[in-house]
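See structure below.
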Amino acid sequence: QKGEKNHRCGGEMGTDIDTLNHAEIKCFISDDDLALTRKKLDRILSTAPDGISGIYMDYIGYMNHHGCYCENCLAKYKKYLADKHLENTTENRNDFYLEQLVGYYNHVIDYVKKQRPEFKIVIHAYPDFKPLPLYGNRIKADYCGQTVAWYFQWSKEKIQYYTKFVTEHAKDYYPHVEGIPFQGVNTNSNISLGYKTPADVEREIRQILAAGGKTLMVCDGPSIIEPGYFDV
C-alpha cells in the first residue's frame, strides 16, 4: 500500500499516525495479578528443553505507540489520577502508560526469576513507546536491548546518541542490567520494510562501535548469515 513505505512497523514513528499493523498485542494492563501471563509462563518454563539458560521477551507494548484505551485501562487511568490528585493531561497520561508498561515487564521478570533464579532475562523494548523511546533501562532485565538503528536508516548522529544512552545509562535504575544496542537488518529490497545493503550494515556497526557499543542485538537472524552480510 502507498502508506506502507513510511510505516515504521513498530519502530520509532516517522509520522503522527502510525500503528503496529502486522501483529496484535493483547492488553497486558487488563491481566490483573498476571493471571493469564502466569499460566503462559508456567507452560513455557515447564516445557523448556534441557540446557535452556534464559528467556527472551519481545512485542510488549502498545500497538499505537502511546497506550491502550480499552474500558478497563481507562478505568485504571481514572483511578490513577484520583489517587494521585492529578489532572487529565498528556504528561500524566504518558506517565501512567509508561508505569504500566515497565511494571508489567518487571512483574513478569520477578515471576520468572522466582521459578528459575538461574535464568537470564533478555528483552528488546518493542514496539516503540513514542513519549519516551529509550525507556528500557527502567526494566530489570539482565540484557536490555534498545533500538539504536531501526530498519529505516537513521542518521549517524542519532545512532551514536542512542548507542551512548543505551550503554552509558543501562544501570541508572538496576546495577546488574547490561544495555545492548539493537540493529534492524532487512536484506529484501522488494518489501516495504527498510532495506540495507551490506555496506549500510557495516557503516552502522562502525558507528555503534565508535559510540561505545560492544555487543549487538540483531533482527532478523537469517539476514546476518546471507552472503555479504555474513562477511560484515
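If you're wondering about the labels, chains in the C-alpha cells are A, B, ... by order shown, residues count from 1 in each chain, ligands from 1 in order shown.
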message: Which residues are near region 24-37 of chain A? Cut-off 9 Å, only C-alpha atoms, ignore same chain within fewer than 4 positions. Put them as JSON, numbers by chain.
response: {"A": [20, 41, 42, 59, 60, 61, 62, 63, 68, 70, 72, 73, 76, 100, 101, 104, 107, 108]}
task: Run DSSP on the backbone of this structure and report the residues of region 35-216 of chain A it assigns to strand (DSSP E), as a list of chain:residue names.
output: A:Gly54, A:Ile55, A:Tyr56, A:Met57, A:Lys120, A:Ile121, A:Val122, A:Ile123, A:His124, A:Tyr143, A:Cys144, A:Gly145, A:Gln146, A:Thr147, A:Val148, A:Ala149, A:Glu178, A:Gly179, A:Ile180, A:Pro181, A:Phe182, A:Gln183, A:Gly184
Residues from the last selection, N, CA, C and O atoms, saved as a PDB file, in the first residue's frame:
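So part-v2.pdb came out as:
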```pdb
ATOM      1  N   GLY A  54      17.733 -19.213  29.704  1.00  0.00           N
ATOM      2  CA  GLY A  54      17.077 -17.932  29.904  1.00  0.00           C
ATOM      3  C   GLY A  54      15.824 -17.806  29.074  1.00  0.00           C
ATOM      4  O   GLY A  54      15.379 -18.759  28.425  1.00  0.00           O
ATOM      5  N   ILE A  55      15.242 -16.623  29.103  1.00  0.00           N
ATOM      6  CA  ILE A  55      14.005 -16.356  28.375  1.00  0.00           C
ATOM      7  C   ILE A  55      14.126 -14.990  27.704  1.00  0.00           C
ATOM      8  O   ILE A  55      14.741 -14.068  28.252  1.00  0.00           O
ATOM      9  N   TYR A  56      13.564 -14.886  26.499  1.00  0.00           N
ATOM     10  CA  TYR A  56      13.631 -13.656  25.703  1.00  0.00           C
ATOM     11  C   TYR A  56      12.238 -13.054  25.596  1.00  0.00           C
ATOM     12  O   TYR A  56      11.275 -13.772  25.321  1.00  0.00           O
ATOM     13  N   MET A  57      12.130 -11.758  25.812  1.00  0.00           N
ATOM     14  CA  MET A  57      10.842 -11.074  25.806  1.00  0.00           C
ATOM     15  C   MET A  57      10.833  -9.991  24.730  1.00  0.00           C
ATOM     16  O   MET A  57      11.774  -9.197  24.619  1.00  0.00           O
ATOM     17  N   LYS A 120      18.647 -16.174  32.778  1.00  0.00           N
ATOM     18  CA  LYS A 120      18.931 -14.809  32.354  1.00  0.00           C
ATOM     19  C   LYS A 120      17.737 -14.294  31.547  1.00  0.00           C
ATOM     20  O   LYS A 120      17.125 -15.037  30.784  1.00  0.00           O
ATOM     21  N   ILE A 121      17.418 -13.016  31.727  1.00  0.00           N
ATOM     22  CA  ILE A 121      16.299 -12.406  31.026  1.00  0.00           C
ATOM     23  C   ILE A 121      16.833 -11.437  29.977  1.00  0.00           C
ATOM     24  O   ILE A 121      17.604 -10.527  30.294  1.00  0.00           O
ATOM     25  N   VAL A 122      16.428 -11.655  28.743  1.00  0.00           N
ATOM     26  CA  VAL A 122      16.814 -10.782  27.636  1.00  0.00           C
ATOM     27  C   VAL A 122      15.541 -10.155  27.069  1.00  0.00           C
ATOM     28  O   VAL A 122      14.545 -10.857  26.859  1.00  0.00           O
ATOM     29  N   ILE A 123      15.559  -8.858  26.833  1.00  0.00           N
ATOM     30  CA  ILE A 123      14.398  -8.203  26.233  1.00  0.00           C
ATOM     31  C   ILE A 123      14.818  -7.334  25.053  1.00  0.00           C
ATOM     32  O   ILE A 123      15.981  -6.923  24.942  1.00  0.00           O
ATOM     33  N   HIS A 124      13.878  -7.086  24.171  1.00  0.00           N
ATOM     34  CA  HIS A 124      14.003  -5.988  23.213  1.00  0.00           C
ATOM     35  C   HIS A 124      12.812  -5.077  23.467  1.00  0.00           C
ATOM     36  O   HIS A 124      11.660  -5.514  23.365  1.00  0.00           O
ATOM     37  N   TYR A 143      19.749  -8.413  30.244  1.00  0.00           N
ATOM     38  CA  TYR A 143      20.225  -7.813  28.996  1.00  0.00           C
ATOM     39  C   TYR A 143      19.070  -7.054  28.354  1.00  0.00           C
ATOM     40  O   TYR A 143      18.070  -7.659  27.964  1.00  0.00           O
ATOM     41  N   CYS A 144      19.206  -5.742  28.273  1.00  0.00           N
ATOM     42  CA  CYS A 144      18.124  -4.899  27.770  1.00  0.00           C
ATOM     43  C   CYS A 144      18.488  -4.357  26.395  1.00  0.00           C
ATOM     44  O   CYS A 144      19.336  -3.459  26.273  1.00  0.00           O
ATOM     45  N   GLY A 145      17.855  -4.907  25.355  1.00  0.00           N
ATOM     46  CA  GLY A 145      18.075  -4.428  24.004  1.00  0.00           C
ATOM     47  C   GLY A 145      17.190  -3.235  23.697  1.00  0.00           C
ATOM     48  O   GLY A 145      15.976  -3.281  23.889  1.00  0.00           O
ATOM     49  N   GLN A 146      17.813  -2.157  23.239  1.00  0.00           N
ATOM     50  CA  GLN A 146      17.058  -0.984  22.815  1.00  0.00           C
ATOM     51  C   GLN A 146      17.532  -0.564  21.427  1.00  0.00           C
ATOM     52  O   GLN A 146      18.729  -0.598  21.132  1.00  0.00           O
ATOM     53  N   THR A 147      16.588  -0.165  20.597  1.00  0.00           N
ATOM     54  CA  THR A 147      16.893   0.127  19.203  1.00  0.00           C
ATOM     55  C   THR A 147      17.773   1.362  19.071  1.00  0.00           C
ATOM     56  O   THR A 147      17.424   2.443  19.552  1.00  0.00           O
ATOM     57  N   VAL A 148      18.908   1.197  18.405  1.00  0.00           N
ATOM     58  CA  VAL A 148      19.778   2.329  18.071  1.00  0.00           C
ATOM     59  C   VAL A 148      19.870   2.523  16.566  1.00  0.00           C
ATOM     60  O   VAL A 148      20.371   3.556  16.100  1.00  0.00           O
ATOM     61  N   ALA A 149      19.414   1.536  15.786  1.00  0.00           N
ATOM     62  CA  ALA A 149      19.439   1.631  14.325  1.00  0.00           C
ATOM     63  C   ALA A 149      18.282   0.796  13.787  1.00  0.00           C
ATOM     64  O   ALA A 149      18.407  -0.420  13.658  1.00  0.00           O
ATOM     65  N   GLU A 178      22.638  -4.909  31.648  1.00  0.00           N
ATOM     66  CA  GLU A 178      23.554  -4.604  30.554  1.00  0.00           C
ATOM     67  C   GLU A 178      22.736  -4.053  29.392  1.00  0.00           C
ATOM     68  O   GLU A 178      21.774  -4.680  28.946  1.00  0.00           O
ATOM     69  N   GLY A 179      23.101  -2.875  28.905  1.00  0.00           N
ATOM     70  CA  GLY A 179      22.397  -2.265  27.794  1.00  0.00           C
ATOM     71  C   GLY A 179      22.952  -2.756  26.464  1.00  0.00           C
ATOM     72  O   GLY A 179      24.154  -2.670  26.209  1.00  0.00           O
ATOM     73  N   ILE A 180      22.081  -3.271  25.605  1.00  0.00           N
ATOM     74  CA  ILE A 180      22.501  -3.861  24.339  1.00  0.00           C
ATOM     75  C   ILE A 180      21.924  -3.056  23.171  1.00  0.00           C
ATOM     76  O   ILE A 180      20.701  -2.964  23.023  1.00  0.00           O
ATOM     77  N   PRO A 181      22.766  -2.472  22.321  1.00  0.00           N
ATOM     78  CA  PRO A 181      22.249  -1.793  21.130  1.00  0.00           C
ATOM     79  C   PRO A 181      21.588  -2.785  20.174  1.00  0.00           C
ATOM     80  O   PRO A 181      22.115  -3.877  19.947  1.00  0.00           O
ATOM     81  N   PHE A 182      20.450  -2.397  19.621  1.00  0.00           N
ATOM     82  CA  PHE A 182      19.718  -3.233  18.674  1.00  0.00           C
ATOM     83  C   PHE A 182      19.780  -2.612  17.288  1.00  0.00           C
ATOM     84  O   PHE A 182      19.573  -1.409  17.122  1.00  0.00           O
ATOM     85  N   GLN A 183      20.034  -3.472  16.293  1.00  0.00           N
ATOM     86  CA  GLN A 183      20.070  -3.037  14.900  1.00  0.00           C
ATOM     87  C   GLN A 183      19.083  -3.858  14.080  1.00  0.00           C
ATOM     88  O   GLN A 183      19.084  -5.087  14.142  1.00  0.00           O
ATOM     89  N   GLY A 184      18.241  -3.187  13.316  1.00  0.00           N
ATOM     90  CA  GLY A 184      17.331  -3.873  12.407  1.00  0.00           C
ATOM     91  C   GLY A 184      17.974  -4.052  11.049  1.00  0.00           C
ATOM     92  O   GLY A 184      18.504  -3.092  10.480  1.00  0.00           O
TER      93      GLY A 184
END
```
- line: If you count only C-alpha atoms, the residue of A:Val185, A:Ala141, A:Leu98, A:Val232 closest to Cys219 (chain A) turns out to be A:Val185
- prompt: Contacts of Phe96 (chain A) at 10 Å or less, counting only C-alpha atoms, minus same-chain residues fewer than 2 places along, as a list in words?
  reply: Gly67, Lys76, Tyr77, Tyr80, Leu81, Thr90, Glu91, Asn92, Arg93, Asn94, Leu98, Glu99, Gln100 and Leu101 of chain A
task: Can you work out which one of A:Lys84, A:Lys214, A:Arg8, A:Arg203 has the shortest atom-to-atom distance to Lys156 (chain A), counting only C-alpha atoms?
output: A:Arg203
message: Need the shell around Pro198 (chain A): protein/DNA/RNA residues with any atom at most 9 Å away, counting only C-alpha atoms. Skip same-chain ones fewer than 4 positions apart. Format as a ChimeraX atom specification?
response: /A:187,202-203,227-232
Output for the residues just chosen: N, CA, C and O atoms as an mmCIF file, in the first residue's frame:
```
data_model
loop_
_atom_site.group_PDB
_atom_site.id
_atom_site.type_symbol
_atom_site.label_atom_id
_atom_site.label_comp_id
_atom_site.auth_asym_id
_atom_site.auth_seq_id
_atom_site.Cartn_x
_atom_site.Cartn_y
_atom_site.Cartn_z
ATOM 1 N N THR A 187 17.263 -7.634 4.340
ATOM 2 C CA THR A 187 18.042 -7.802 3.119
ATOM 3 C C THR A 187 17.172 -7.927 1.880
ATOM 4 O O THR A 187 17.691 -8.132 0.782
ATOM 5 N N GLU A 202 27.436 -2.346 7.630
ATOM 6 C CA GLU A 202 28.794 -2.125 8.153
ATOM 7 C C GLU A 202 28.962 -0.704 8.664
ATOM 8 O O GLU A 202 29.548 -0.481 9.730
ATOM 9 N N ARG A 203 28.447 0.257 7.913
ATOM 10 C CA ARG A 203 28.562 1.648 8.339
ATOM 11 C C ARG A 203 27.896 1.849 9.696
ATOM 12 O O ARG A 203 28.459 2.488 10.601
ATOM 13 N N PRO A 227 25.176 -14.115 2.254
ATOM 14 C CA PRO A 227 26.435 -13.664 1.661
ATOM 15 C C PRO A 227 26.532 -12.151 1.672
ATOM 16 O O PRO A 227 25.563 -11.446 1.397
ATOM 17 N N GLY A 228 27.679 -11.641 1.981
ATOM 18 C CA GLY A 228 27.880 -10.196 2.069
ATOM 19 C C GLY A 228 27.604 -9.687 3.459
ATOM 20 O O GLY A 228 28.461 -9.060 4.082
ATOM 21 N N TYR A 229 26.442 -9.992 3.987
ATOM 22 C CA TYR A 229 26.086 -9.580 5.345
ATOM 23 C C TYR A 229 26.877 -10.403 6.358
ATOM 24 O O TYR A 229 27.332 -9.888 7.375
ATOM 25 N N PHE A 230 27.035 -11.678 6.084
ATOM 26 C CA PHE A 230 27.808 -12.536 6.993
ATOM 27 C C PHE A 230 29.256 -12.051 7.048
ATOM 28 O O PHE A 230 29.875 -12.058 8.119
ATOM 29 N N ASP A 231 29.794 -11.625 5.925
ATOM 30 C CA ASP A 231 31.174 -11.110 5.897
ATOM 31 C C ASP A 231 31.313 -9.890 6.793
ATOM 32 O O ASP A 231 32.314 -9.734 7.509
ATOM 33 N N VAL A 232 30.315 -9.012 6.753
ATOM 34 C CA VAL A 232 30.332 -7.822 7.618
ATOM 35 C C VAL A 232 30.285 -8.235 9.086
ATOM 36 O O VAL A 232 31.036 -7.721 9.909
#
```
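Take CA of Ala210 (chain A) and CA of Thr163 (chain A): the distance between them is 9.2 Å.
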